[in-house]
Amino acid sequence: MERVTLPPAAWRDRAELQDLCRVLRADAGDTRVVGGAVRDTLLGCAVSDIDLATRQAPEDVLAALQRARIKAVPTGLAHGTITAVLADGPVEVTTLRRDVSTDGRHAVVAFTDDWREDAARRDFTMNALYADPATGEIFDYFGGIDDLAAGRVRFIGDPLQRIAEDHLRILRFFRFHARFGDVPDPDGLAACTARANDLMALSRERIAAEMLKLLVARGAVPTLELMIAHSILLPVLPEITAAGVAKMAKVAQHETAAGLQPDPLRRLAALLPHDPTMAEVIANRLKFSNAQRRRLILALSGPEREPGDTPQTLAYRFGCDGALDRWLLTTSGAEAVEGARAIVGFEIPAFPLTGGALVQRGVGKGPDVARLLRQVEDAWVAEGFPDADRTAQLADDAVDQWQRSSSIA
């Protein structure tokens with residue numbers, strides 16, 4: 001087989017990473033870069049996380065890092081993972097492993113010094129690529145380089161067995177296909193379809209994490225269409241339908257045209273019916289944070305469009321993210337794109353009136369102050385956030401009207 005090496009990449013020149021690899025005896029063949037950094041570098045993609053695999057036992061890794069005065073955090077010691085804290089970013093170091101037992105959610109592992117054995121327990125061939133940190137030579141035990149070139153996400157070994165070992169691999173199959181795939185591997189797709197009900201055994205946090213990553217991948221829309229066609233999401237997210245995917249496709253197009261980064265929560269909202277109660281149910285089901293939960297509910301609350309809504313008024317009422325959600329979920333075509341750009345470029349003004357200013361105009365302290373303040377603010381927003389002089393006039397008009405109605409009463 002022709003020898004393949006990593007192309008040059010900025011992360012490979014990190015001085016502290018090179019020092020770490022020397023400490024872990026990479027020059028003697030004990031330690032290699034593994035997984036995403038190798039895969040993404042081959043594809044010319046940006047690399048954010050660096051993972052190392054080593055033949056050294058976890059306690060030996062800890063001792064070596066301590067001797068070299070490199071901060072070490074035993075983030076997953078039972079599974080052989082130690083995080084080396086470097087100035088230019090953390091690096092996970094994991095001892096080579098083999099599975100002893102699995103139950104679909106967790107694995108009991110034993111350590112090994114066999115590279116192929118470690119590669120065999122990984123999920124997909126494109127994720128089981130190792131590289132020598134110094135020379136860049138790639139070690140490929142299961143045809144991952146060819147699969148990567150073909151845009152094929154392929155399980156290592158029997159797909160049904162691999163899914164039985166870890167049910168999350170169903171969602172990972174589709175997430176990696178959305179990011180890297182062209183034509184789905186038929187054996188992998190058939191296995192995921194057959195075992196889709198296994199997703200019900202997973203923690204909702206793990207499901208949410210995979211889904212949110214999938215939604216922002218380049219091939220999210222065709223991949224979701226594939227998942228709907230094969231009833232993959234039916235056991236855990238039956239609310240997502242083909243109609244929702246079609247709506248998300250439009251939102252994704254408008255995000256791109258407006259120069260926005262893909263937003264997973266906005267895309268999830270597009271997939272769902274316009275129903276805040278359902279949004280709350282799904283947010284709770286997926287164990288979202290309070291901020292995520294509030295945002296999803298807000299995106300799917302109230303009338304889809306209020307009369308007189310503009311990008312700027314939405315930004316004032318809901319903030320930038322909330323306004324973009326509302327606008328892109330309810331607007332289409334050039335209007336959606338232009339409005340999104342307007343929201344991003346809008347500096348949200350402060351309302352230049354206080355309750356004290358109304359009291360000075362003769363409004364007695366109490367609920368009337370708050371009511372009139374809201375009335376003036378609504379008029380100020382409706383007029384497009386006029387200056388302080390016009391705001392003062394709006395306040396005068398509101399107070400005059402209040403005084404007249406009070407005298408009549």
# chains A, B, ... in the order shown; residues from 1 in each chain; ligands from 1
$ select_by_dssp --residues "segment 94-177 of chain A" --states "strand (DSSP E or B)" --output "number ranges by chain"
A: 94-95, 97-102, 104, 107-111, 124, 129-131, 137-140, 155, 166
$ write_last_selection --atoms "C-alpha atoms" --output "PDB file, in the first residue's frame"
ATOM      1  CA  THR A  94      -5.693   7.855  25.971  1.00  0.00           C
ATOM      2  CA  THR A  95      -4.052   4.496  26.486  1.00  0.00           C
ATOM      3  CA  ARG A  97      -7.871  -0.120  24.722  1.00  0.00           C
ATOM      4  CA  ARG A  98     -10.001  -3.073  23.870  1.00  0.00           C
ATOM      5  CA  ASP A  99     -13.587  -3.663  24.962  1.00  0.00           C
ATOM      6  CA  VAL A 100     -14.214  -6.290  27.608  1.00  0.00           C
ATOM      7  CA  SER A 101     -17.986  -5.820  27.790  1.00  0.00           C
ATOM      8  CA  THR A 102     -20.576  -3.358  26.479  1.00  0.00           C
ATOM      9  CA  GLY A 104     -25.167  -0.221  24.493  1.00  0.00           C
ATOM     10  CA  ALA A 107     -18.134  -0.094  27.993  1.00  0.00           C
ATOM     11  CA  VAL A 108     -15.735  -1.890  30.306  1.00  0.00           C
ATOM     12  CA  VAL A 109     -12.264  -1.727  28.781  1.00  0.00           C
ATOM     13  CA  ALA A 110      -8.858  -3.316  29.225  1.00  0.00           C
ATOM     14  CA  PHE A 111      -5.623  -1.683  28.159  1.00  0.00           C
ATOM     15  CA  PHE A 124     -16.027   4.281  11.763  1.00  0.00           C
ATOM     16  CA  LEU A 129      -6.690   6.818  11.478  1.00  0.00           C
ATOM     17  CA  TYR A 130      -3.427   7.332  13.388  1.00  0.00           C
ATOM     18  CA  ALA A 131      -0.487   9.535  12.489  1.00  0.00           C
ATOM     19  CA  GLU A 137       2.976   8.944   8.462  1.00  0.00           C
ATOM     20  CA  ILE A 138      -0.604   7.630   8.634  1.00  0.00           C
ATOM     21  CA  PHE A 139      -1.546   4.198   9.938  1.00  0.00           C
ATOM     22  CA  ASP A 140      -4.803   2.943   8.485  1.00  0.00           C
ATOM     23  CA  PHE A 155     -18.633   0.985  10.409  1.00  0.00           C
ATOM     24  CA  ASP A 166     -23.038   1.637  21.686  1.00  0.00           C
TER      25      ASP A 166
END
$ residues_around --residues "Leu271 of chain A" --least-positions-apart "3" --cutoff "6 Å" --atoms "only C-alpha atoms" --output "list in words"
Ile240, Gly244, Val245, Met248 and Leu268 of chain A
$ residues_around --residues "segment 391-400 of chain A" --least-positions-apart "4" --cutoff "12 Å" --atoms "only C-alpha atoms" --output "MDAnalysis selection string"
chainID A and resid 350:364 368:369 371:387 404:407
$ write_last_selection --atoms "C-alpha atoms" --output "tab-separated table (two decimals), in the first residue's frame"
chain	number	residue	atom	x	y	z
A	350	ALA	CA	-31.99	52.18	25.21
A	351	PHE	CA	-35.47	53.57	25.86
A	352	PRO	CA	-34.78	57.21	26.83
A	353	LEU	CA	-37.58	57.61	29.38
A	354	THR	CA	-37.99	56.57	32.99
A	355	GLY	CA	-40.91	56.31	35.33
A	356	GLY	CA	-39.50	59.26	37.24
A	357	ALA	CA	-39.95	61.47	34.18
A	358	LEU	CA	-43.66	60.60	34.16
A	359	VAL	CA	-43.98	61.35	37.88
A	360	GLN	CA	-42.41	64.75	37.21
A	361	ARG	CA	-45.16	65.31	34.64
A	362	GLY	CA	-47.78	64.82	37.33
A	363	VAL	CA	-48.53	61.07	37.20
A	364	GLY	CA	-49.07	59.73	40.69
A	368	ASP	CA	-50.40	54.13	36.24
A	369	VAL	CA	-46.70	54.96	35.91
A	371	ARG	CA	-48.80	51.35	32.36
A	372	LEU	CA	-48.06	54.73	30.81
A	373	LEU	CA	-44.36	53.91	30.51
A	374	ARG	CA	-45.25	50.80	28.50
A	375	GLN	CA	-47.66	52.84	26.38
A	376	VAL	CA	-44.98	55.40	25.53
A	377	GLU	CA	-42.41	52.70	24.86
A	378	ASP	CA	-44.78	50.93	22.46
A	379	ALA	CA	-45.32	54.19	20.58
A	380	TRP	CA	-41.58	54.87	20.55
A	381	VAL	CA	-40.87	51.43	19.09
A	382	ALA	CA	-43.68	51.77	16.54
A	383	GLU	CA	-42.19	55.06	15.33
A	384	GLY	CA	-38.78	53.48	14.84
A	385	PHE	CA	-36.98	54.62	18.03
A	386	PRO	CA	-37.13	58.43	17.61
A	387	ASP	CA	-34.81	60.81	19.47
A	404	ARG	CA	-58.19	63.91	30.58
A	405	SER	CA	-59.45	60.40	31.19
A	406	SER	CA	-58.83	60.77	34.92
A	407	SER	CA	-60.80	64.04	35.12
$ closest_residue --among "A:Arg25, A:Arg204, A:Arg293, A:Arg14" --to "Ala87 of chain A" --atoms "only C-alpha atoms"
A:Arg14
$ residues_around --residues "Arg267 of chain A" --least-positions-apart "5" --cutoff "10 Å" --atoms "only C-alpha atoms" --output "count of residues only"
18
$ closest_atom_pairs --of "segment 84-129 of chain A" --to "segment 61-78 of chain A" --cutoff "8 Å" --atoms "only C-alpha atoms" --output "Markdown table"
| residue | atom | partner | partner_atom | distance |
| --- | --- | --- | --- | --- |
| A:Ala84 | CA | A:Ala72 | CA | 4.7 |
| A:Val85 | CA | A:Lys71 | CA | 5.3 |
| A:Leu86 | CA | A:Ile70 | CA | 7.4 |
$ select_by_dssp --residues "segment 39-83 of chain A" --states "helix (DSSP H, G or I)" --output "count of residues only"
18
$ atom_distance --atom1 "atom CA of Gly144 of chain A" --atom2 "atom CA of Leu20 of chain A"
26.4 Å
$ atom_distance --atom1 "atom CA of Thr41 of chain A" --atom2 "atom CA of Ala190 of chain A"
29.8 Å
$ closest_residue --among "A:Ala269, A:Ala134, A:Leu234, A:Leu148" --to "Phe180 of chain A" --atoms "only C-alpha atoms"
A:Leu148
$ atom_distance --atom1 "atom CA of Leu286 of chain A" --atom2 "atom CA of Ala209 of chain A"
8.9 Å
$ residues_around --residues "Asn127 of chain A" --least-positions-apart "2" --cutoff "12 Å" --atoms "only C-alpha atoms" --output "JSON, numbers by chain"
{"A": [33, 34, 35, 36, 37, 38, 39, 40, 42, 51, 118, 119, 120, 121, 122, 123, 124, 125, 129, 130, 131, 139, 140, 141, 142, 143, 144, 145, 147, 148, 152, 153, 154, 155, 156, 172, 173, 176, 180]}
$ residues_around --residues "Ile343 of chain A" --least-positions-apart "6" --cutoff "10 Å" --atoms "only C-alpha atoms" --output "list in words"
Thr310, Pro311, Gln312, Thr313, Leu314, Ala315, Tyr316, Gly319, Cys320, Asp321, Ala323, Leu324 and Trp327 of chain A
$ decode --residues "segment 93-154 of chain A" --atoms "C-alpha atoms" --output "PDB file, in the first residue's frame"
ATOM      1  CA  VAL A  93      -4.076  11.295  25.899  1.00  0.00           C
ATOM      2  CA  THR A  94      -5.693   7.855  25.971  1.00  0.00           C
ATOM      3  CA  THR A  95      -4.052   4.496  26.486  1.00  0.00           C
ATOM      4  CA  LEU A  96      -4.781   1.909  23.779  1.00  0.00           C
ATOM      5  CA  ARG A  97      -7.871  -0.120  24.722  1.00  0.00           C
ATOM      6  CA  ARG A  98     -10.001  -3.073  23.870  1.00  0.00           C
ATOM      7  CA  ASP A  99     -13.587  -3.663  24.962  1.00  0.00           C
ATOM      8  CA  VAL A 100     -14.214  -6.290  27.608  1.00  0.00           C
ATOM      9  CA  SER A 101     -17.986  -5.820  27.790  1.00  0.00           C
ATOM     10  CA  THR A 102     -20.576  -3.358  26.479  1.00  0.00           C
ATOM     11  CA  ASP A 103     -24.280  -2.768  27.154  1.00  0.00           C
ATOM     12  CA  GLY A 104     -25.167  -0.221  24.493  1.00  0.00           C
ATOM     13  CA  ARG A 105     -24.465   2.739  26.755  1.00  0.00           C
ATOM     14  CA  HIS A 106     -21.219   2.012  28.605  1.00  0.00           C
ATOM     15  CA  ALA A 107     -18.134  -0.094  27.993  1.00  0.00           C
ATOM     16  CA  VAL A 108     -15.735  -1.890  30.306  1.00  0.00           C
ATOM     17  CA  VAL A 109     -12.264  -1.727  28.781  1.00  0.00           C
ATOM     18  CA  ALA A 110      -8.858  -3.316  29.225  1.00  0.00           C
ATOM     19  CA  PHE A 111      -5.623  -1.683  28.159  1.00  0.00           C
ATOM     20  CA  THR A 112      -3.500  -3.057  25.357  1.00  0.00           C
ATOM     21  CA  ASP A 113      -0.369  -2.201  23.394  1.00  0.00           C
ATOM     22  CA  ASP A 114      -1.836  -3.356  20.062  1.00  0.00           C
ATOM     23  CA  TRP A 115      -2.653  -0.492  17.689  1.00  0.00           C
ATOM     24  CA  ARG A 116      -4.949  -2.563  15.505  1.00  0.00           C
ATOM     25  CA  GLU A 117      -6.878  -3.792  18.548  1.00  0.00           C
ATOM     26  CA  ASP A 118      -7.425  -0.193  19.618  1.00  0.00           C
ATOM     27  CA  ALA A 119      -8.517   0.778  16.103  1.00  0.00           C
ATOM     28  CA  ALA A 120     -10.977  -2.128  15.958  1.00  0.00           C
ATOM     29  CA  ARG A 121     -13.044  -0.769  18.857  1.00  0.00           C
ATOM     30  CA  ARG A 122     -13.570   2.628  17.189  1.00  0.00           C
ATOM     31  CA  ASP A 123     -16.804   3.343  15.373  1.00  0.00           C
ATOM     32  CA  PHE A 124     -16.027   4.281  11.763  1.00  0.00           C
ATOM     33  CA  THR A 125     -13.039   3.693   9.534  1.00  0.00           C
ATOM     34  CA  MET A 126     -12.454   7.426   9.013  1.00  0.00           C
ATOM     35  CA  ASN A 127     -12.147   7.873  12.781  1.00  0.00           C
ATOM     36  CA  ALA A 128      -9.591   5.065  13.181  1.00  0.00           C
ATOM     37  CA  LEU A 129      -6.690   6.818  11.478  1.00  0.00           C
ATOM     38  CA  TYR A 130      -3.427   7.332  13.388  1.00  0.00           C
ATOM     39  CA  ALA A 131      -0.487   9.535  12.489  1.00  0.00           C
ATOM     40  CA  ASP A 132       3.113   9.784  13.634  1.00  0.00           C
ATOM     41  CA  PRO A 133       3.378  13.278  15.193  1.00  0.00           C
ATOM     42  CA  ALA A 134       6.820  13.939  13.721  1.00  0.00           C
ATOM     43  CA  THR A 135       6.773  12.366  10.265  1.00  0.00           C
ATOM     44  CA  GLY A 136       3.031  12.573   9.621  1.00  0.00           C
ATOM     45  CA  GLU A 137       2.976   8.944   8.462  1.00  0.00           C
ATOM     46  CA  ILE A 138      -0.604   7.630   8.634  1.00  0.00           C
ATOM     47  CA  PHE A 139      -1.546   4.198   9.938  1.00  0.00           C
ATOM     48  CA  ASP A 140      -4.803   2.943   8.485  1.00  0.00           C
ATOM     49  CA  TYR A 141      -5.973  -0.510   9.585  1.00  0.00           C
ATOM     50  CA  PHE A 142      -9.473  -0.631   8.058  1.00  0.00           C
ATOM     51  CA  GLY A 143      -9.484   1.367   4.830  1.00  0.00           C
ATOM     52  CA  GLY A 144     -10.394   4.708   6.363  1.00  0.00           C
ATOM     53  CA  ILE A 145      -8.411   6.746   3.841  1.00  0.00           C
ATOM     54  CA  ASP A 146     -10.309   5.228   0.915  1.00  0.00           C
ATOM     55  CA  ASP A 147     -13.640   5.731   2.687  1.00  0.00           C
ATOM     56  CA  LEU A 148     -12.749   9.337   3.427  1.00  0.00           C
ATOM     57  CA  ALA A 149     -11.908   9.949  -0.225  1.00  0.00           C
ATOM     58  CA  ALA A 150     -15.175   8.318  -1.290  1.00  0.00           C
ATOM     59  CA  GLY A 151     -17.304  10.287   1.222  1.00  0.00           C
ATOM     60  CA  ARG A 152     -18.379   7.023   2.813  1.00  0.00           C
ATOM     61  CA  VAL A 153     -19.084   6.629   6.533  1.00  0.00           C
ATOM     62  CA  ARG A 154     -18.488   2.935   7.185  1.00  0.00           C
TER      63      ARG A 154
END
